[in-house]
file run.cif (mmCIF, C-alpha atoms)
data_upload
#
loop_
_atom_site.group_PDB
_atom_site.id
_atom_site.type_symbol
_atom_site.label_atom_id
_atom_site.label_comp_id
_atom_site.auth_asym_id
_atom_site.auth_seq_id
_atom_site.Cartn_x
_atom_site.Cartn_y
_atom_site.Cartn_z
ATOM 1 C CA LEU A 222 12.094 39.898 6.765
ATOM 2 C CA GLY A 223 12.067 41.382 3.317
ATOM 3 C CA ASP A 224 9.126 43.465 2.128
ATOM 4 C CA GLU A 225 7.825 40.669 -0.131
ATOM 5 C CA VAL A 226 7.940 37.820 2.412
ATOM 6 C CA ARG A 227 4.395 36.681 3.190
ATOM 7 C CA GLY A 228 4.771 33.263 4.839
ATOM 8 C CA PHE A 229 6.660 34.245 7.976
ATOM 9 C CA GLU A 230 6.718 36.828 10.730
ATOM 10 C CA VAL A 231 9.480 38.182 12.931
ATOM 11 C CA GLY A 232 10.032 35.745 15.802
ATOM 12 C CA ASP A 233 8.912 32.591 13.935
ATOM 13 C CA ARG A 234 10.988 29.510 14.740
ATOM 14 C CA VAL A 235 12.338 28.335 11.382
ATOM 15 C CA PHE A 236 14.991 26.119 9.835
ATOM 16 C CA ALA A 237 16.366 25.924 6.314
ATOM 17 C CA MET A 238 18.517 24.155 3.763
ATOM 18 C CA LEU A 239 20.788 26.928 2.549
ATOM 19 C CA ASP A 240 21.744 26.584 -1.106
ATOM 20 C CA GLY A 241 25.303 27.301 -2.089
ATOM 21 C CA VAL A 242 26.642 27.466 1.472
ATOM 22 C CA SER A 243 29.875 25.514 1.647
ATOM 23 C CA GLY A 244 30.122 23.543 4.877
ATOM 24 C CA GLY A 245 26.509 24.097 5.926
ATOM 25 C CA GLY A 246 24.597 26.914 7.502
ATOM 26 C CA TYR A 247 24.867 26.573 11.255
ATOM 27 C CA ALA A 248 24.361 30.148 12.367
ATOM 28 C CA GLU A 249 22.218 32.231 14.646
ATOM 29 C CA TYR A 250 21.417 34.507 11.700
ATOM 30 C CA ALA A 251 21.464 33.741 7.977
ATOM 31 C CA VAL A 252 20.026 35.138 4.773
ATOM 32 C CA ALA A 253 17.794 32.713 2.878
ATOM 33 C CA GLY A 254 15.055 32.859 0.319
ATOM 34 C CA GLU A 255 11.517 32.301 1.593
ATOM 35 C CA GLY A 256 11.296 29.025 -0.343
ATOM 36 C CA ALA A 257 14.299 27.574 1.512
ATOM 37 C CA VAL A 258 12.787 28.201 4.954
ATOM 38 C CA ALA A 259 10.224 26.085 6.784
ATOM 39 C CA PRO A 260 8.481 26.423 10.139
ATOM 40 C CA MET A 261 10.297 24.428 12.786
ATOM 41 C CA PRO A 262 8.207 21.717 14.467
ATOM 42 C CA GLU A 263 7.190 22.805 17.968
ATOM 43 C CA ASN A 264 8.580 19.626 19.527
ATOM 44 C CA HIS A 265 12.086 20.177 18.073
ATOM 45 C CA SER A 266 14.952 22.155 19.510
ATOM 46 C CA PHE A 267 17.062 24.274 17.188
ATOM 47 C CA GLU A 268 19.831 21.687 17.529
ATOM 48 C CA GLN A 269 17.490 18.875 16.457
ATOM 49 C CA ALA A 270 16.062 20.847 13.560
ATOM 50 C CA ALA A 271 19.537 21.776 12.270
ATOM 51 C CA GLY A 272 20.206 18.189 11.201
ATOM 52 C CA VAL A 273 16.889 17.599 9.476
ATOM 53 C CA PRO A 274 17.353 19.203 6.031
ATOM 54 C CA LEU A 275 20.544 17.446 4.974
ATOM 55 C CA ALA A 276 19.600 14.055 6.465
ATOM 56 C CA ALA A 277 16.120 14.163 4.957
ATOM 57 C CA LEU A 278 17.353 15.333 1.558
ATOM 58 C CA THR A 279 19.978 12.579 1.435
ATOM 59 C CA ALA A 280 17.339 9.941 2.235
ATOM 60 C CA VAL A 281 14.721 11.287 -0.160
ATOM 61 C CA GLN A 282 17.140 11.514 -3.088
ATOM 62 C CA ALA A 283 18.569 8.044 -2.502
ATOM 63 C CA ILE A 284 15.239 6.249 -2.074
ATOM 64 C CA ARG A 285 13.389 8.206 -4.770
ATOM 65 C CA ASP A 286 16.091 7.735 -7.381
ATOM 66 C CA ALA A 287 16.654 4.059 -6.563
ATOM 67 C CA LEU A 288 12.930 3.291 -6.745
ATOM 68 C CA ARG A 289 12.642 5.169 -10.024
ATOM 69 C CA GLU A 290 15.522 3.129 -11.423
ATOM 70 C CA VAL A 291 13.866 -0.109 -10.321
ATOM 71 C CA THR A 292 10.563 0.986 -11.863
ATOM 72 C CA ARG A 293 11.854 2.320 -15.176
ATOM 73 C CA ASN A 294 8.525 1.704 -16.900
ATOM 74 C CA ALA A 295 6.742 3.923 -14.357
ATOM 75 C CA PRO A 296 9.299 6.630 -13.551
ATOM 76 C CA HIS A 297 7.059 8.566 -11.202
ATOM 77 C CA ALA A 298 5.512 5.634 -9.340
ATOM 78 C CA CYS A 299 7.438 6.444 -6.159
ATOM 79 C CA ASP A 300 5.802 9.870 -6.090
ATOM 80 C CA THR A 301 2.309 8.408 -6.285
ATOM 81 C CA GLY A 302 2.625 5.569 -3.763
ATOM 82 C CA GLN A 303 2.267 2.899 -6.462
ATOM 83 C CA LEU A 304 5.164 0.694 -5.410
ATOM 84 C CA GLU A 305 3.415 -2.285 -3.884
ATOM 85 C CA ARG A 306 5.636 -5.354 -3.780
ATOM 86 C CA ARG A 307 8.857 -3.336 -4.032
ATOM 87 C CA ARG A 308 11.193 -4.479 -1.274
ATOM 88 C CA VAL A 309 13.639 -1.975 0.227
ATOM 89 C CA LEU A 310 16.328 -2.780 2.794
ATOM 90 C CA ILE A 311 17.886 0.090 4.732
ATOM 91 C CA ASN A 312 21.153 -0.743 6.474
ATOM 92 C CA GLY A 313 21.535 1.840 9.249
ATOM 93 C CA ALA A 314 17.816 2.481 9.605
ATOM 94 C CA SER A 315 17.935 4.101 13.050
ATOM 95 C CA GLY A 316 20.366 6.938 12.350
ATOM 96 C CA GLY A 317 19.633 10.410 10.988
ATOM 97 C CA VAL A 318 19.478 9.534 7.279
ATOM 98 C CA GLY A 319 18.133 6.028 7.938
ATOM 99 C CA THR A 320 15.070 7.154 9.896
ATOM 100 C CA PHE A 321 14.049 9.432 7.030
ATOM 101 C CA ALA A 322 14.771 6.688 4.475
ATOM 102 C CA VAL A 323 12.475 4.228 6.289
ATOM 103 C CA GLN A 324 9.640 6.755 6.288
ATOM 104 C CA PHE A 325 10.064 7.804 2.679
ATOM 105 C CA ALA A 326 10.291 4.236 1.407
ATOM 106 C CA LYS A 327 7.159 3.336 3.381
ATOM 107 C CA ILE A 328 5.083 6.283 2.146
ATOM 108 C CA SER A 329 6.257 5.463 -1.381
ATOM 109 C CA GLY A 330 4.492 2.122 -1.027
ATOM 110 C CA ALA A 331 7.520 -0.142 -0.574
ATOM 111 C CA GLU A 332 7.850 -2.987 1.924
ATOM 112 C CA VAL A 333 10.697 -1.883 4.196
ATOM 113 C CA THR A 334 13.260 -4.006 6.030
ATOM 114 C CA ALA A 335 15.297 -2.055 8.581
ATOM 115 C CA VAL A 336 18.764 -3.130 9.699
ATOM 116 C CA CYS A 337 19.603 -1.698 13.115
ATOM 117 C CA GLY A 338 20.363 -2.730 16.678
ATOM 118 C CA ALA A 339 17.717 -4.420 18.824
ATOM 119 C CA GLU A 340 17.423 -1.265 20.928
ATOM 120 C CA SER A 341 16.147 0.600 17.843
ATOM 121 C CA ALA A 342 13.758 -2.068 16.525
ATOM 122 C CA ALA A 343 10.645 -0.437 17.999
ATOM 123 C CA LEU A 344 11.567 2.923 16.460
ATOM 124 C CA ALA A 345 12.144 1.328 13.047
ATOM 125 C CA ARG A 346 8.736 -0.354 13.190
ATOM 126 C CA GLU A 347 7.070 2.867 14.359
ATOM 127 C CA LEU A 348 8.567 4.670 11.363
ATOM 128 C CA GLY A 349 7.179 2.074 8.956
ATOM 129 C CA ALA A 350 9.509 -0.917 8.728
ATOM 130 C CA ALA A 351 7.649 -4.178 8.147
ATOM 131 C CA HIS A 352 10.715 -6.221 9.136
ATOM 132 C CA VAL A 353 13.708 -5.531 11.374
ATOM 133 C CA VAL A 354 17.070 -7.285 11.244
ATOM 134 C CA ASP A 355 19.299 -6.942 14.312
ATOM 135 C CA TYR A 356 22.745 -6.510 12.776
ATOM 136 C CA LYS A 357 24.378 -7.857 15.945
ATOM 137 C CA GLU A 358 22.529 -11.173 15.564
ATOM 138 C CA GLU A 359 21.990 -11.616 11.823
ATOM 139 C CA ASP A 360 23.651 -10.788 8.523
ATOM 140 C CA PHE A 361 21.026 -9.554 6.062
ATOM 141 C CA ALA A 362 23.284 -10.349 3.108
ATOM 142 C CA TRP A 363 23.008 -14.070 3.840
ATOM 143 C CA HIS A 364 19.221 -14.210 4.232
ATOM 144 C CA GLN A 365 17.064 -15.839 1.589
ATOM 145 C CA GLU A 366 15.174 -12.574 1.001
ATOM 146 C CA ARG A 367 16.027 -10.516 -2.057
ATOM 147 C CA TYR A 368 15.487 -6.784 -2.328
ATOM 148 C CA ASP A 369 14.725 -4.345 -5.127
ATOM 149 C CA VAL A 370 16.745 -1.651 -3.341
ATOM 150 C CA ILE A 371 19.467 -1.814 -0.717
ATOM 151 C CA PHE A 372 20.320 1.566 0.788
ATOM 152 C CA ASP A 373 23.511 1.192 2.842
ATOM 153 C CA VAL A 374 23.528 4.324 4.958
ATOM 154 C CA VAL A 375 26.400 3.270 7.223
ATOM 155 C CA GLY A 376 28.603 2.022 4.386
ATOM 156 C CA ASN A 377 29.821 -0.999 6.310
ATOM 157 C CA ARG A 378 28.924 -3.495 3.568
ATOM 158 C CA SER A 379 30.503 -3.557 0.142
ATOM 159 C CA PHE A 380 28.507 -3.837 -3.046
ATOM 160 C CA GLY A 381 30.005 -7.302 -3.513
ATOM 161 C CA VAL A 382 28.534 -8.491 -0.216
ATOM 162 C CA CYS A 383 25.182 -6.778 -0.743
ATOM 163 C CA LYS A 384 24.847 -7.992 -4.344
ATOM 164 C CA ARG A 385 23.761 -11.459 -3.253
ATOM 165 C CA ALA A 386 20.775 -9.920 -1.424
ATOM 166 C CA LEU A 387 19.632 -7.911 -4.455
ATOM 167 C CA ARG A 388 17.091 -9.082 -6.997
ATOM 168 C CA ALA A 389 18.406 -9.393 -10.536
ATOM 169 C CA ALA A 390 17.500 -5.799 -11.486
ATOM 170 C CA GLY A 391 18.011 -4.457 -7.963
ATOM 171 C CA VAL A 392 19.710 -1.180 -7.109
ATOM 172 C CA TYR A 393 22.403 -0.679 -4.458
ATOM 173 C CA VAL A 394 22.887 2.832 -3.033
ATOM 174 C CA THR A 395 25.353 3.953 -0.395
ATOM 175 C CA THR A 396 26.222 7.220 1.290
ATOM 176 C CA GLU A 397 29.890 6.231 1.348
ATOM 177 C CA PRO A 398 32.287 6.698 -1.577
#

call {"tool": "encode", "arguments": {"input": "run.cif", "output": "structure tokens"}}
result
Amino acid sequence: LGDEVRGFEVGDRVFAMLDGVSGGGYAEYAVAGEGAVAPMPENHSFEQAAGVPLAALTAVQAIRDALREVTRNAPHACDTGQLERRRVLINGASGGVGTFAVQFAKISGAEVTAVCGAESAALARELGAAHVVDYKEEDFAWHQERYDVIFDVVGNRSFGVCKRALRAAGVYVTTEP
């Protein structure tokens, strides 16, 4: 610990998102600014905590920016929970990025539809999904529902396929190039 660090003590269990580190920061020891470090939840192992920063950041940026685009007249509405009636579909809702995306969309005030396997439906609902689509049984793109945002975390659906499930001014986001 540096002389000016006030928020942590030697021996604290922490994790971080290391800026400027190419390829990540999986190490037993690393140098990081105090602002990049957070206390690790007691119920997490170091291995579990290592995946949190990048997965959470990916989800937050995708959902936040998509909701801001949909609500151009109120650019900060997603930060204040004022997104009632915004419908968000997350394809791949039970994976690392998807579980964070469900939670962030929910706390932003959106109505969330999670696409995942039946074995993950309870988790998706626990995280905040109002609706769950079992991808093995149904194709969300051919439902009657239309969404303000489709976040395709797994990248298994093209924009062309997803477009029919978007509202006219809807936003499609994917983690895949």

call {"tool": "atom_distance", "arguments": {"input": "run.cif", "atom1": "CA of Ser266 (chain A)", "atom2": "CA of Val281 (chain A)"}}
result
22.5 Å

call {"tool": "residues_around", "arguments": {"input": "run.cif", "residues": "region 366-383 of chain A", "least_positions_apart": "5", "cutoff": "10 Å", "atoms": "all atoms listed in the file", "output": "ChimeraX atom specification"}}
result
/A:279-280,283-284,287-288,290-292,306-319,322-323,326,331-336,361,388-398

call {"tool": "closest_residue", "arguments": {"input": "run.cif", "among": "A:Gln269, A:Gln324, A:Pro274, A:Arg285", "to": "Leu344 (chain A)", "atoms": "all atoms listed in the file"}}
result
A:Gln324

call {"tool": "residues_around", "arguments": {"input": "run.cif", "residues": "Ala270 (chain A)", "least_positions_apart": "3", "cutoff": "7 Å", "atoms": "all atoms listed in the file", "output": "list in words"}}
result
Phe236, Met261, His265, Ser266, Phe267 and Val273 of chain A

call {"tool": "resolve_selection", "arguments": {"input": "run.cif", "expression": "the PyMOL selection byres ((chain A and resi 253) around 9)", "output": "list in words"}}
result
Ala237, Met238, Leu239, Asp240, Ala251, Val252, Gly254, Glu255, Gly256, Ala257 and Val258 of chain A

call {"tool": "closest_residue", "arguments": {"input": "run.cif", "among": "A:Glu225, A:Ala386, A:Gly330, A:Thr320", "to": "Ala343 (chain A)", "atoms": "all atoms listed in the file"}}
result
A:Thr320

call {"tool": "atom_distance", "arguments": {"input": "run.cif", "atom1": "CA of Phe321 (chain A)", "atom2": "CA of Ala277 (chain A)"}}
result
5.6 Å

call {"tool": "build_atoms", "arguments": {"input": "run.cif", "residues": "region 379-390 of chain A", "atoms": "all heavy atoms", "output": "PDB file, in the coordinates of the input"}}
result
ATOM      1  N   SER A 379      30.122  -3.860   1.521  1.00  0.00           N
ATOM      2  CA  SER A 379      30.503  -3.557   0.142  1.00  0.00           C
ATOM      3  C   SER A 379      29.382  -3.956  -0.812  1.00  0.00           C
ATOM      4  O   SER A 379      28.507  -4.754  -0.463  1.00  0.00           O
ATOM      5  CB  SER A 379      31.773  -4.325  -0.228  1.00  0.00           C
ATOM      6  OG  SER A 379      31.486  -5.714  -0.304  1.00  0.00           O
ATOM      7  N   PHE A 380      29.468  -3.427  -2.030  1.00  0.00           N
ATOM      8  CA  PHE A 380      28.507  -3.837  -3.046  1.00  0.00           C
ATOM      9  C   PHE A 380      28.608  -5.341  -3.281  1.00  0.00           C
ATOM     10  O   PHE A 380      27.597  -6.015  -3.429  1.00  0.00           O
ATOM     11  CB  PHE A 380      28.749  -3.081  -4.354  1.00  0.00           C
ATOM     12  CG  PHE A 380      27.920  -3.624  -5.480  1.00  0.00           C
ATOM     13  CD1 PHE A 380      26.547  -3.427  -5.506  1.00  0.00           C
ATOM     14  CD2 PHE A 380      28.499  -4.353  -6.501  1.00  0.00           C
ATOM     15  CE1 PHE A 380      25.772  -3.946  -6.532  1.00  0.00           C
ATOM     16  CE2 PHE A 380      27.733  -4.870  -7.531  1.00  0.00           C
ATOM     17  CZ  PHE A 380      26.375  -4.666  -7.545  1.00  0.00           C
ATOM     18  N   GLY A 381      29.814  -5.870  -3.289  1.00  0.00           N
ATOM     19  CA  GLY A 381      30.005  -7.302  -3.513  1.00  0.00           C
ATOM     20  C   GLY A 381      29.262  -8.163  -2.506  1.00  0.00           C
ATOM     21  O   GLY A 381      28.688  -9.190  -2.859  1.00  0.00           O
ATOM     22  N   VAL A 382      29.255  -7.746  -1.255  1.00  0.00           N
ATOM     23  CA  VAL A 382      28.534  -8.491  -0.216  1.00  0.00           C
ATOM     24  C   VAL A 382      27.027  -8.304  -0.380  1.00  0.00           C
ATOM     25  O   VAL A 382      26.249  -9.260  -0.294  1.00  0.00           O
ATOM     26  CB  VAL A 382      28.989  -8.050   1.193  1.00  0.00           C
ATOM     27  CG1 VAL A 382      28.097  -8.625   2.275  1.00  0.00           C
ATOM     28  CG2 VAL A 382      30.435  -8.442   1.427  1.00  0.00           C
ATOM     29  N   CYS A 383      26.618  -7.075  -0.634  1.00  0.00           N
ATOM     30  CA  CYS A 383      25.182  -6.778  -0.743  1.00  0.00           C
ATOM     31  C   CYS A 383      24.561  -7.356  -2.007  1.00  0.00           C
ATOM     32  O   CYS A 383      23.361  -7.642  -2.040  1.00  0.00           O
ATOM     33  CB  CYS A 383      24.955  -5.269  -0.709  1.00  0.00           C
ATOM     34  SG  CYS A 383      25.325  -4.514   0.878  1.00  0.00           S
ATOM     35  N   LYS A 384      25.357  -7.538  -3.046  1.00  0.00           N
ATOM     36  CA  LYS A 384      24.847  -7.992  -4.344  1.00  0.00           C
ATOM     37  C   LYS A 384      24.051  -9.291  -4.235  1.00  0.00           C
ATOM     38  O   LYS A 384      23.047  -9.450  -4.906  1.00  0.00           O
ATOM     39  CB  LYS A 384      26.010  -8.150  -5.316  1.00  0.00           C
ATOM     40  CG  LYS A 384      25.579  -8.455  -6.729  1.00  0.00           C
ATOM     41  CD  LYS A 384      26.729  -8.293  -7.680  1.00  0.00           C
ATOM     42  CE  LYS A 384      27.545  -9.548  -7.727  1.00  0.00           C
ATOM     43  NZ  LYS A 384      28.529  -9.534  -8.836  1.00  0.00           N
ATOM     44  N   ARG A 385      24.480 -10.179  -3.355  1.00  0.00           N
ATOM     45  CA  ARG A 385      23.761 -11.459  -3.253  1.00  0.00           C
ATOM     46  C   ARG A 385      22.354 -11.289  -2.664  1.00  0.00           C
ATOM     47  O   ARG A 385      21.517 -12.148  -2.832  1.00  0.00           O
ATOM     48  CB  ARG A 385      24.587 -12.481  -2.474  1.00  0.00           C
ATOM     49  CG  ARG A 385      24.643 -12.254  -0.984  1.00  0.00           C
ATOM     50  CD  ARG A 385      25.310 -13.388  -0.215  1.00  0.00           C
ATOM     51  NE  ARG A 385      24.929 -14.727  -0.581  1.00  0.00           N
ATOM     52  CZ  ARG A 385      23.786 -15.336  -0.210  1.00  0.00           C
ATOM     53  NH1 ARG A 385      22.918 -14.680   0.526  1.00  0.00           N
ATOM     54  NH2 ARG A 385      23.538 -16.561  -0.563  1.00  0.00           N
ATOM     55  N   ALA A 386      22.096 -10.162  -1.986  1.00  0.00           N
ATOM     56  CA  ALA A 386      20.775  -9.920  -1.424  1.00  0.00           C
ATOM     57  C   ALA A 386      19.886  -9.085  -2.341  1.00  0.00           C
ATOM     58  O   ALA A 386      18.737  -8.813  -2.017  1.00  0.00           O
ATOM     59  CB  ALA A 386      20.902  -9.231  -0.056  1.00  0.00           C
ATOM     60  N   LEU A 387      20.412  -8.692  -3.492  1.00  0.00           N
ATOM     61  CA  LEU A 387      19.632  -7.911  -4.455  1.00  0.00           C
ATOM     62  C   LEU A 387      18.918  -8.823  -5.447  1.00  0.00           C
ATOM     63  O   LEU A 387      19.456  -9.857  -5.835  1.00  0.00           O
ATOM     64  CB  LEU A 387      20.543  -6.979  -5.258  1.00  0.00           C
ATOM     65  CG  LEU A 387      20.972  -5.687  -4.600  1.00  0.00           C
ATOM     66  CD1 LEU A 387      22.026  -5.003  -5.468  1.00  0.00           C
ATOM     67  CD2 LEU A 387      19.796  -4.759  -4.366  1.00  0.00           C
ATOM     68  N   ARG A 388      17.748  -8.412  -5.876  1.00  0.00           N
ATOM     69  CA  ARG A 388      17.091  -9.082  -6.997  1.00  0.00           C
ATOM     70  C   ARG A 388      17.894  -8.789  -8.251  1.00  0.00           C
ATOM     71  O   ARG A 388      18.729  -7.877  -8.273  1.00  0.00           O
ATOM     72  CB  ARG A 388      15.651  -8.579  -7.131  1.00  0.00           C
ATOM     73  CG  ARG A 388      14.776  -9.081  -6.001  1.00  0.00           C
ATOM     74  CD  ARG A 388      13.337  -8.688  -6.196  1.00  0.00           C
ATOM     75  NE  ARG A 388      12.520  -9.340  -5.176  1.00  0.00           N
ATOM     76  CZ  ARG A 388      11.310  -8.977  -4.861  1.00  0.00           C
ATOM     77  NH1 ARG A 388      10.719  -7.977  -5.497  1.00  0.00           N
ATOM     78  NH2 ARG A 388      10.643  -9.619  -3.927  1.00  0.00           N
ATOM     79  N   ALA A 389      17.615  -9.503  -9.302  1.00  0.00           N
ATOM     80  CA  ALA A 389      18.406  -9.393 -10.536  1.00  0.00           C
ATOM     81  C   ALA A 389      18.521  -7.954 -11.033  1.00  0.00           C
ATOM     82  O   ALA A 389      19.583  -7.527 -11.455  1.00  0.00           O
ATOM     83  CB  ALA A 389      17.810 -10.283 -11.612  1.00  0.00           C
ATOM     84  N   ALA A 390      17.458  -7.189 -11.014  1.00  0.00           N
ATOM     85  CA  ALA A 390      17.500  -5.799 -11.486  1.00  0.00           C
ATOM     86  C   ALA A 390      17.523  -4.827 -10.313  1.00  0.00           C
ATOM     87  O   ALA A 390      17.144  -3.667 -10.459  1.00  0.00           O
ATOM     88  CB  ALA A 390      16.296  -5.517 -12.381  1.00  0.00           C
TER      89      ALA A 390
END
